[in-house]
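Notes follow once the structure below has been shown.
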Amino acid sequence: MKDEKRYAVVIHPDTSVEIVKTPGGADEIHRLVGGHFENVYSTNFKVFPIVVSVDEIGKLIGKPFNPLGTALYDNPYDFLVGDVVILKLDRVGEFNELDQLPMTEFEAGILKAYLILLNKKAEKAKNKF
C-alpha cells in the first residue's frame, strides 16, 4: 500500500515530538496550534523544505516557551511558544504555487529523528531567553 501524505509533526513545549495523522488544511493547523496560525520558515532542516506553524498570538497570551521549536527555527532574534506544527513545503497546482502539505509517514519519521538530535541544541536555547 502506498504511504499516503497524511502526517504532520508537532513539537510540544516540553520538547516531546509527536507524529500526528492529519487531513491537512488551515482548519487542521488551527486545531493543532490551538489558535490562528502564522507560518515561520526554517532552513535548518536540509532534507526537504518545511514550514513551521505557530499560534500567531501565542506570545501575547502567555503560551509556554518551546525550546526545541526555537532551535529548529534558528532565528537569533526570535523564539517560538506553544505547540509548533511542521508540514512539508511543496509546489502544487497548475501555477506551481508553494503550499504546506502533509508528509508521508516516512518523511515525518525522518524529521522526528532529526528533532531528537536537535534537542541538545534546544537545551542551550533555554538559557538564551
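The way I read the labels, and the way they are meant: chains A, B, ... in the order of the C-alpha cells, residue 1 as the first residue of every chain, and ligand 1 as the first ligand shown, with later ones counted on from there.
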With only C-alpha atoms as the counted atoms, please give the residues lying no more than 8 Å from segment 108-117 of chain A, apart from itself and same-chain residues fewer than 6 positions off, as a ChimeraX atom specification. /A:7-9,17-19,68,72
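Secondary structure by DSSP on the backbone puts the following residues of segment 5-51 of chain A in helix (DSSP H, G or I): Ala26, Asp27, Glu28, Ile29, His30, Arg31, Leu32 and Val33 of chain A.
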Residue neighbourhood segment 44-50 of chain A, 10 Å, only C-alpha atoms, exclusion window fewer than 4 positions, as a list of chain:residue names: A:Val40, A:Ala71, A:Leu72, A:Tyr73, A:Asp74, A:Asn75, A:Ile86, A:Leu87, A:Lys88, A:Leu89, A:Asp90, A:Gln100, A:Leu101, A:Met103, A:Glu107, A:Ile110, A:Leu111, A:Tyr114, A:Leu115, A:Leu118
For Val85 of chain A: contacts at 8 Å, only C-alpha atoms, fewer than 2 positions along chain excluded, given as a ChimeraX atom specification: /A:8-11,29,32-33,52-54,83,87
With C-alpha atoms kept, could you save the residues just selected as a PDB file, in the first residue's frame?
ATOM      1  CA  ALA A   8       2.389  16.368  10.470  1.00  0.00           C
ATOM      2  CA  VAL A   9       4.989  16.657  13.192  1.00  0.00           C
ATOM      3  CA  VAL A  10       4.118  18.528  16.388  1.00  0.00           C
ATOM      4  CA  ILE A  11       6.744  19.818  18.825  1.00  0.00           C
ATOM      5  CA  ILE A  29      -3.437  23.641  11.543  1.00  0.00           C
ATOM      6  CA  LEU A  32      -3.124  21.667  16.180  1.00  0.00           C
ATOM      7  CA  VAL A  33      -1.560  25.013  17.211  1.00  0.00           C
ATOM      8  CA  VAL A  52       6.614  25.785  10.740  1.00  0.00           C
ATOM      9  CA  SER A  53       3.212  26.955  12.000  1.00  0.00           C
ATOM     10  CA  VAL A  54       2.690  28.601  15.385  1.00  0.00           C
ATOM     11  CA  ASP A  83       2.759  23.794  20.120  1.00  0.00           C
ATOM     12  CA  LEU A  87       4.366  20.378   7.463  1.00  0.00           C
TER      13      LEU A  87
END
For Val81 of chain A, list every protein, DNA or RNA residue within 6 Å, evaluated using only C-alpha atoms, and leave out those in the same chain fewer than 5 positions away; present the list as an MDAnalysis selection string. chainID A and resid 63:66
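DSSP secondary structure from the backbone places Val10, Ile11, Val17, Glu18, Ile19, Val20, Lys21, Phe37, Glu38, Asn39, Val40, Tyr41, Ser42, Ile50, Val51, Val52 and Ser53 of chain A of segment 10-53 of chain A in strand (DSSP E or B).
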Atoms kept (N, CA and C atoms) for selection, written as a PDB file, in the first residue's frame:
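Contents of the output file selection.pdb:
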ATOM      1  N   VAL A  10       4.413  17.508  15.387  1.00  0.00           N
ATOM      2  CA  VAL A  10       4.118  18.528  16.388  1.00  0.00           C
ATOM      3  C   VAL A  10       5.206  18.498  17.448  1.00  0.00           C
ATOM      4  N   ILE A  11       5.778  19.673  17.731  1.00  0.00           N
ATOM      5  CA  ILE A  11       6.744  19.818  18.825  1.00  0.00           C
ATOM      6  C   ILE A  11       6.018  20.519  19.963  1.00  0.00           C
ATOM      7  N   VAL A  17       8.098  15.210  20.868  1.00  0.00           N
ATOM      8  CA  VAL A  17       7.799  15.298  19.438  1.00  0.00           C
ATOM      9  C   VAL A  17       6.787  14.215  19.104  1.00  0.00           C
ATOM     10  N   GLU A  18       5.738  14.610  18.398  1.00  0.00           N
ATOM     11  CA  GLU A  18       4.655  13.692  18.088  1.00  0.00           C
ATOM     12  C   GLU A  18       4.378  13.721  16.581  1.00  0.00           C
ATOM     13  N   ILE A  19       4.219  12.545  16.004  1.00  0.00           N
ATOM     14  CA  ILE A  19       3.761  12.441  14.619  1.00  0.00           C
ATOM     15  C   ILE A  19       2.250  12.244  14.680  1.00  0.00           C
ATOM     16  N   VAL A  20       1.500  13.123  14.004  1.00  0.00           N
ATOM     17  CA  VAL A  20       0.044  13.040  14.046  1.00  0.00           C
ATOM     18  C   VAL A  20      -0.502  12.855  12.638  1.00  0.00           C
ATOM     19  N   LYS A  21      -1.555  12.051  12.538  1.00  0.00           N
ATOM     20  CA  LYS A  21      -2.268  11.926  11.266  1.00  0.00           C
ATOM     21  C   LYS A  21      -3.087  13.197  11.077  1.00  0.00           C
ATOM     22  N   PHE A  37      -3.053  30.667  13.159  1.00  0.00           N
ATOM     23  CA  PHE A  37      -1.633  30.375  12.993  1.00  0.00           C
ATOM     24  C   PHE A  37      -0.950  31.345  12.048  1.00  0.00           C
ATOM     25  N   GLU A  38       0.344  31.438  12.253  1.00  0.00           N
ATOM     26  CA  GLU A  38       1.203  32.120  11.293  1.00  0.00           C
ATOM     27  C   GLU A  38       2.327  31.158  10.963  1.00  0.00           C
ATOM     28  N   ASN A  39       2.875  31.324   9.777  1.00  0.00           N
ATOM     29  CA  ASN A  39       3.957  30.458   9.341  1.00  0.00           C
ATOM     30  C   ASN A  39       5.288  31.165   9.483  1.00  0.00           C
ATOM     31  N   VAL A  40       6.250  30.434   9.995  1.00  0.00           N
ATOM     32  CA  VAL A  40       7.644  30.887  10.011  1.00  0.00           C
ATOM     33  C   VAL A  40       8.431  29.808   9.285  1.00  0.00           C
ATOM     34  N   TYR A  41       9.527  30.171   8.741  1.00  0.00           N
ATOM     35  CA  TYR A  41      10.255  29.220   7.901  1.00  0.00           C
ATOM     36  C   TYR A  41      11.584  28.872   8.528  1.00  0.00           C
ATOM     37  N   SER A  42      11.987  27.651   8.316  1.00  0.00           N
ATOM     38  CA  SER A  42      13.252  27.168   8.851  1.00  0.00           C
ATOM     39  C   SER A  42      14.085  26.618   7.709  1.00  0.00           C
ATOM     40  N   ILE A  50      10.451  22.626   4.721  1.00  0.00           N
ATOM     41  CA  ILE A  50       9.370  22.547   5.700  1.00  0.00           C
ATOM     42  C   ILE A  50       8.838  23.943   5.992  1.00  0.00           C
ATOM     43  N   VAL A  51       7.632  23.974   6.514  1.00  0.00           N
ATOM     44  CA  VAL A  51       7.042  25.208   7.018  1.00  0.00           C
ATOM     45  C   VAL A  51       6.624  24.938   8.457  1.00  0.00           C
ATOM     46  N   VAL A  52       6.880  25.898   9.314  1.00  0.00           N
ATOM     47  CA  VAL A  52       6.614  25.785  10.740  1.00  0.00           C
ATOM     48  C   VAL A  52       5.445  26.712  11.067  1.00  0.00           C
ATOM     49  N   SER A  53       4.394  26.170  11.655  1.00  0.00           N
ATOM     50  CA  SER A  53       3.212  26.955  12.000  1.00  0.00           C
ATOM     51  C   SER A  53       3.106  27.083  13.516  1.00  0.00           C
TER      52      SER A  53
END
Rounded to one decimal place, report the atom CA of Val84 of chain A-atom CA of Ile57 of chain A distance in Å. 12.9 Å
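Take atom CA of Thr22 of chain A and atom CA of Lys120 of chain A: the distance between them is 28.0 Å.
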From the list A:Pro67, A:Pro76, A:Arg6, A:Lys59, the nearest residue to Gly25 of chain A using only C-alpha atoms is A:Arg6
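If you look at atom CA of Asp99 of chain A and atom CA of Asp14 of chain A, they are 28.3 Å away from each other.
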